[in-house]
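> One structure, pasted below without further comment.
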Amino acid sequence: MILENVIAAANELANFKTISLMMVGVAGGLIAGAIPGFTIAMAVVLTLPFTFGMPAPQGLATMVSVLVGGLSGGLMAGILTGIPGTPSSVATTFDGFPMARKGEPGLALGIGVWSSFSGGIISAILLMSLAPQLARVGLEFNPWDYFMLVMFALTITASLSGKNMIKGLIAGAMGLLIRTVGEDEAVGMARFDFGIDSLLSGFDFIAVLIGLFAFSQLLNDVRDPKNARKALTERGAVQVRIEHGRAIRVLIKHWMVVVRSSLIGVFTGILPGAGGSIANILAYDQAKKASKHPEKFGTGIPEGIIAPESSNNAVEGGALMILMALGIPGDVTAAVMLGALLIHDIIPSPTFISEEPVLAYSIFIAFFGATFMMIGLQSFMLRVFVLVTKVRMYVLASIILGFCGIGVFALQNVTFDLWTLLWFGILGFVMRHYGFPLAPMILGVVLGNIAELNLARALAITTDLSPFVTRPWSLFFLIIAGFSALFPLFQSHRVKRKKWTLFYLPVACFAASVPLFMMGGVPRPVLATIVFGYGVYQLWRRAQNGWRFETAD
Amino acid sequence: MQRLNRDAIVAIFLLAFCGVFFWASFDIRQPDYGVLLPSTWPRVVLGVLSFLSVIYLLQSLSVGAEAIEDDKYDAEHARGPGFRGWIEHWKNPLWCFFLFFLYLLSLPVLGMLIGGITFVYVLMGVLGGWDGNKPVLHAAYAIGLIGAMWSLFTFGLGVLLPPGMILGSF
């Protein structure tokens with residue numbers, strides 16, 4: 001059955017037009033990812049208008065290609081200029097740039113490229129094998145569980161996306177509110193239209209996304225007149241040849257770092273809101289802790305490039321896994337992918353993989369294929385990158401603003417969407433300025449109607465609210481949402497060595513094990529026992545230590 | 001009276017925003033069927049948003065004078081004094097908003113091709129300057145790239161972009 005789907009999906013993609021579009025997508029993603037100030041999400045969101053006229057597998061394959069290219073593009077700028085192209089390649093500069101300055105830029109690039117490739121492949125394998133299993137778990141979800149899953153996704157995104165969690169939660173709630181404008185989906189009554197007919201159909205999700213993310217980012221990039229007139233990178237780039245052979249040998253020698261970092265990436269991608277920007281630092285930190293020579297990190301050693309690059313490419317496999325299995329986007333780029341699916345009238349849910357197997361598998365195969373294309377195109381795009389670095393920021397920003405206008409109009413042929421783009425561009429810019437994270441707001445916009453529809457379904461079944469705390473999955477999401485909401489407080493108080501933080505992890509383990517025990521069967525109670533046991537162990541360790549903080553704490 | 005810091009002002013604005021929307025939620029028609037009324041979910045969200053805004057307000061008030069000094073310090077170091085300094089500091093984003101606004105207003109007349117090229121050309125001039133050979137270079141960028149994008153959507157993807165009165169008359 002799986003083989004049949006794989007063959008059918010491969011047939012769908014194996015034509016000249018799709019492969020060409022994928023190559024253009026990877027190339028575009030590599031360049032967009034390499035430009036400091038441009039994010040991968042921005043590249044993917046700007047690709048969206050081009051794909052609406054394509055058949056769904058072709059359009060999604062193009063977007064996946066931009067995504068894969070973007071994930072790998074950041075390393076070029078990071079290694080050659082010391083300025084990370086994207087937030088997900090920040091840690092790559094710690095060792096990539098010193099290695100390049102020591103006279104080995106070809107090796108540094110080679111290690112980066114092949115680490116990205118390995119991370120992408122490991123994550124693609126996990127995506128293909130685990131997404132259908134996860135979708136089976138998703139089939140157990142009822143409206144109460146789905147509602148709580150959305151609340152958990154918003155809470156954890158808010159807690160991970162900025163210093164001030166309240167601002168993150170406000171942004172998430174604003175996103176939910178924006179989604180309520182227009183006719184409600186359950187009974188079709190007008191809401192918050194203020195007498196304006198165009199508001200009856202609500203704000204177009206894609207126009208909101210492009211406005212909040214791309215438009216506001218461009219305004220941010222040109223805010224300072226001096227920087228706006230500078231070339232993208234002042235240091236420029238040197239002409240180098242990527243040393244593939246040596247890089248592969250280095251990677252084989254450090255295969256453990258590759259696997260561990262890729263797994264960290266996939267796991268981070270599964271968590272809503274935790275994207276490549278967190279994964280690359282986390283993987284770098286873990287590689288340093290596990291190394292026999294941690295003092296050498298930061299001086300230009302291979303492990304320092306392998307860890308962040310393997311993890312940041314693996315992240316999207318995890319985010320796509322949750323999107324395709326549960327219909328919940330793990331990060332902003334996955335939210336854009338959700339938008340692409342919605343444009344093609346496909347609503348991701350646990351039944352998506354079984355109902356649309358060819359489309360689902362074409363996304364998996366596109367992820368694989370684009371990863372291979374990335375290797376082939378990286379050397380060529382390095383030359384283009386050298387040219388792109390000479391472009392002034394204001395030129396790029398002006399042209400992209402022009403493209404945004406054409407692209408947003410082309411989606412639905414509605415002029416009102418252009419006004420939506422402008423107003424949300426202003427809103428996004430103001431929110432960035434006042435320190436409000438945009439990721440929770442975007443997820444709020446995306447998930448708003450899913451939350452409301454599931455709440456409506458739950459209340460249609462019974463007006464009793466107790467299933468929100470008596471159903472195991474709903475309780476599980478409620479508990480982890482609560483602990484993720486407390487996480488920023490825990491972090492700040494742990495630094496101040498407050499006593500209660502000693503109990504955070506054990507109590508979280510005990511609480512999370514309760515719904516797992518309630519789920520029945522064999523594997524989940526076993527898992528619950530392990531989680532509970534880990535909590536007991538942590539508590540015992542703290543008691544042994546006299547309820548004092550360990551040095552590592 | 002102690003001055004309010006920047007976060008407190010934002011929190012008060014958010015509370016006022018919630019008030020307006022809460023008031024507007026009474027205009028939502030209530031059908032006599034369905035368990036979850038159309039106004040219930042928006043009111044729940046507004047309730048949460050108001051609660052969070054109150055916490056945000058209290059948080060910003062508790063920081064108080066310290067934050068006001070920080071705000072002043074940031075503002076003085078980021079830009080010149082007064083309204084003029086504010087305009088000077090934000091002039092590039094303000095130009096972008098204003099020109100995009102004009103672009104949208106002129107769309108029925110200029111259409112997407114002429115309007116888009118004009119918008120990009122003027123914006124590049126405003127942000128990058130008009131000295132040397134820049135006007136020619138900017139014109140080449142604007143005509144070449146926006147023209148290519150317009151052609152791709154019009155001929156490649158078959159999208160009917162607004163022609164405007166000028167091109168529409170041909």
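Chains: A, B, ... in order of the structure tokens. Residues: from 1 per chain. Ligands: from 1, in order shown.
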Could I get the residues of chain A with an atom no further than 7 Å from an atom of chain B, each paired with its nearest atom pair and that distance in Å to one decimal, using only C-alpha atoms, sorted by chain and residue number, as CSV?

residue,atom,partner,partner_atom,distance
A:Gly53,CA,B:Leu157,CA,6.3
A:Ile166,CA,B:Tyr56,CA,6.5
A:Ile170,CA,B:Leu49,CA,6.0
A:Ala173,CA,B:Leu49,CA,5.8
A:Leu176,CA,B:Val45,CA,6.9
A:Leu177,CA,B:Val45,CA,6.4
A:Thr180,CA,B:Pro42,CA,6.3
A:Asp184,CA,B:Pro38,CA,6.5
A:Met189,CA,B:Arg29,CA,6.5
A:Ala190,CA,B:Ile28,CA,6.4
A:Arg191,CA,B:Ile28,CA,5.6
A:Phe192,CA,B:Ala24,CA,6.3
A:Leu219,CA,B:Pro93,CA,5.4
A:Val222,CA,B:Asn92,CA,6.5
A:Arg223,CA,B:Asn92,CA,5.5
A:Pro225,CA,B:Asn92,CA,6.8
A:Arg229,CA,B:Gly128,CA,5.9
A:Tyr394,CA,B:Leu127,CA,6.2
A:Val395,CA,B:Met124,CA,6.0
A:Ser398,CA,B:Val120,CA,5.5
A:Ile399,CA,B:Val120,CA,6.1
A:Gly402,CA,B:Gly116,CA,5.9
A:Ala410,CA,B:Val159,CA,6.2
A:Glu452,CA,B:Trp41,CA,6.6
A:Ala456,CA,B:Leu36,CA,5.4
A:Leu459,CA,B:Val35,CA,6.3
A:Ala460,CA,B:Val35,CA,5.9
> Restricting the output to N, CA and C atoms, write the selected residues as a PDB file, in the first residue's frame.

ATOM      1  N   GLY A  53      -2.184  28.559  -9.078  1.00  0.00           N
ATOM      2  CA  GLY A  53      -2.712  28.083 -10.359  1.00  0.00           C
ATOM      3  C   GLY A  53      -2.199  26.702 -10.726  1.00  0.00           C
ATOM      4  N   ILE A 166       3.471  37.337  28.476  1.00  0.00           N
ATOM      5  CA  ILE A 166       2.174  38.015  28.375  1.00  0.00           C
ATOM      6  C   ILE A 166       2.004  38.602  26.969  1.00  0.00           C
ATOM      7  N   ILE A 170      -0.901  37.716  24.405  1.00  0.00           N
ATOM      8  CA  ILE A 170      -1.747  38.770  23.825  1.00  0.00           C
ATOM      9  C   ILE A 170      -1.730  38.643  22.296  1.00  0.00           C
ATOM     10  N   ALA A 173      -3.952  35.754  21.297  1.00  0.00           N
ATOM     11  CA  ALA A 173      -5.380  36.096  21.429  1.00  0.00           C
ATOM     12  C   ALA A 173      -5.815  37.064  20.328  1.00  0.00           C
ATOM     13  N   LEU A 176      -6.500  35.067  17.305  1.00  0.00           N
ATOM     14  CA  LEU A 176      -7.813  34.399  17.397  1.00  0.00           C
ATOM     15  C   LEU A 176      -8.935  35.393  17.087  1.00  0.00           C
ATOM     16  N   LEU A 177      -8.781  36.629  17.599  1.00  0.00           N
ATOM     17  CA  LEU A 177      -9.817  37.648  17.393  1.00  0.00           C
ATOM     18  C   LEU A 177      -9.910  38.049  15.922  1.00  0.00           C
ATOM     19  N   THR A 180     -12.052  35.930  13.922  1.00  0.00           N
ATOM     20  CA  THR A 180     -13.502  35.953  14.137  1.00  0.00           C
ATOM     21  C   THR A 180     -14.207  36.988  13.240  1.00  0.00           C
ATOM     22  N   ASP A 184     -19.422  33.847  10.634  1.00  0.00           N
ATOM     23  CA  ASP A 184     -18.911  32.685  11.369  1.00  0.00           C
ATOM     24  C   ASP A 184     -19.237  31.411  10.594  1.00  0.00           C
ATOM     25  N   MET A 189     -23.406  33.946  10.589  1.00  0.00           N
ATOM     26  CA  MET A 189     -23.797  35.302  11.028  1.00  0.00           C
ATOM     27  C   MET A 189     -22.605  36.259  10.913  1.00  0.00           C
ATOM     28  N   ALA A 190     -22.921  37.507  10.498  1.00  0.00           N
ATOM     29  CA  ALA A 190     -21.847  38.507  10.341  1.00  0.00           C
ATOM     30  C   ALA A 190     -21.320  38.939  11.709  1.00  0.00           C
ATOM     31  N   ARG A 191     -19.977  39.054  11.792  1.00  0.00           N
ATOM     32  CA  ARG A 191     -19.374  39.487  13.062  1.00  0.00           C
ATOM     33  C   ARG A 191     -18.331  40.565  12.779  1.00  0.00           C
ATOM     34  N   PHE A 192     -18.350  41.617  13.550  1.00  0.00           N
ATOM     35  CA  PHE A 192     -17.373  42.710  13.473  1.00  0.00           C
ATOM     36  C   PHE A 192     -17.166  43.223  12.040  1.00  0.00           C
ATOM     37  N   LEU A 219       9.785  46.510   6.009  1.00  0.00           N
ATOM     38  CA  LEU A 219       9.813  47.853   6.584  1.00  0.00           C
ATOM     39  C   LEU A 219      10.879  47.938   7.674  1.00  0.00           C
ATOM     40  N   VAL A 222      14.375  48.327   6.128  1.00  0.00           N
ATOM     41  CA  VAL A 222      14.760  49.631   5.555  1.00  0.00           C
ATOM     42  C   VAL A 222      14.571  50.773   6.557  1.00  0.00           C
ATOM     43  N   ARG A 223      14.263  50.439   7.819  1.00  0.00           N
ATOM     44  CA  ARG A 223      13.984  51.481   8.814  1.00  0.00           C
ATOM     45  C   ARG A 223      15.144  52.470   8.943  1.00  0.00           C
ATOM     46  N   PRO A 225      17.951  54.500   7.427  1.00  0.00           N
ATOM     47  CA  PRO A 225      18.317  54.928   6.073  1.00  0.00           C
ATOM     48  C   PRO A 225      19.735  54.511   5.667  1.00  0.00           C
ATOM     49  N   ARG A 229      20.715  51.680   2.524  1.00  0.00           N
ATOM     50  CA  ARG A 229      21.512  51.973   1.326  1.00  0.00           C
ATOM     51  C   ARG A 229      22.777  51.129   1.222  1.00  0.00           C
ATOM     52  N   TYR A 394      17.506  48.505   0.043  1.00  0.00           N
ATOM     53  CA  TYR A 394      16.312  49.256  -0.343  1.00  0.00           C
ATOM     54  C   TYR A 394      15.790  48.816  -1.716  1.00  0.00           C
ATOM     55  N   VAL A 395      16.722  48.399  -2.604  1.00  0.00           N
ATOM     56  CA  VAL A 395      16.307  47.939  -3.940  1.00  0.00           C
ATOM     57  C   VAL A 395      15.490  46.661  -3.790  1.00  0.00           C
ATOM     58  N   SER A 398      12.081  47.326  -2.051  1.00  0.00           N
ATOM     59  CA  SER A 398      11.100  47.994  -2.926  1.00  0.00           C
ATOM     60  C   SER A 398      10.510  46.999  -3.919  1.00  0.00           C
ATOM     61  N   ILE A 399      11.387  46.200  -4.517  1.00  0.00           N
ATOM     62  CA  ILE A 399      10.906  45.239  -5.524  1.00  0.00           C
ATOM     63  C   ILE A 399       9.995  44.198  -4.874  1.00  0.00           C
ATOM     64  N   GLY A 402       6.615  45.496  -4.223  1.00  0.00           N
ATOM     65  CA  GLY A 402       5.848  45.481  -5.480  1.00  0.00           C
ATOM     66  C   GLY A 402       5.312  44.090  -5.787  1.00  0.00           C
ATOM     67  N   ALA A 410      -3.354  38.488  -6.927  1.00  0.00           N
ATOM     68  CA  ALA A 410      -3.528  37.334  -7.814  1.00  0.00           C
ATOM     69  C   ALA A 410      -4.215  36.154  -7.134  1.00  0.00           C
ATOM     70  N   GLU A 452     -12.635  27.295  17.251  1.00  0.00           N
ATOM     71  CA  GLU A 452     -14.060  27.623  17.392  1.00  0.00           C
ATOM     72  C   GLU A 452     -14.959  26.483  16.897  1.00  0.00           C
ATOM     73  N   ALA A 456     -17.570  24.387  19.102  1.00  0.00           N
ATOM     74  CA  ALA A 456     -18.986  24.286  18.711  1.00  0.00           C
ATOM     75  C   ALA A 456     -19.422  22.819  18.636  1.00  0.00           C
ATOM     76  N   LEU A 459     -19.719  21.361  22.170  1.00  0.00           N
ATOM     77  CA  LEU A 459     -20.922  21.804  22.874  1.00  0.00           C
ATOM     78  C   LEU A 459     -22.191  21.274  22.221  1.00  0.00           C
ATOM     79  N   ALA A 460     -22.104  20.942  20.935  1.00  0.00           N
ATOM     80  CA  ALA A 460     -23.269  20.353  20.267  1.00  0.00           C
ATOM     81  C   ALA A 460     -23.498  18.922  20.759  1.00  0.00           C
TER      82      ALA A 460
END
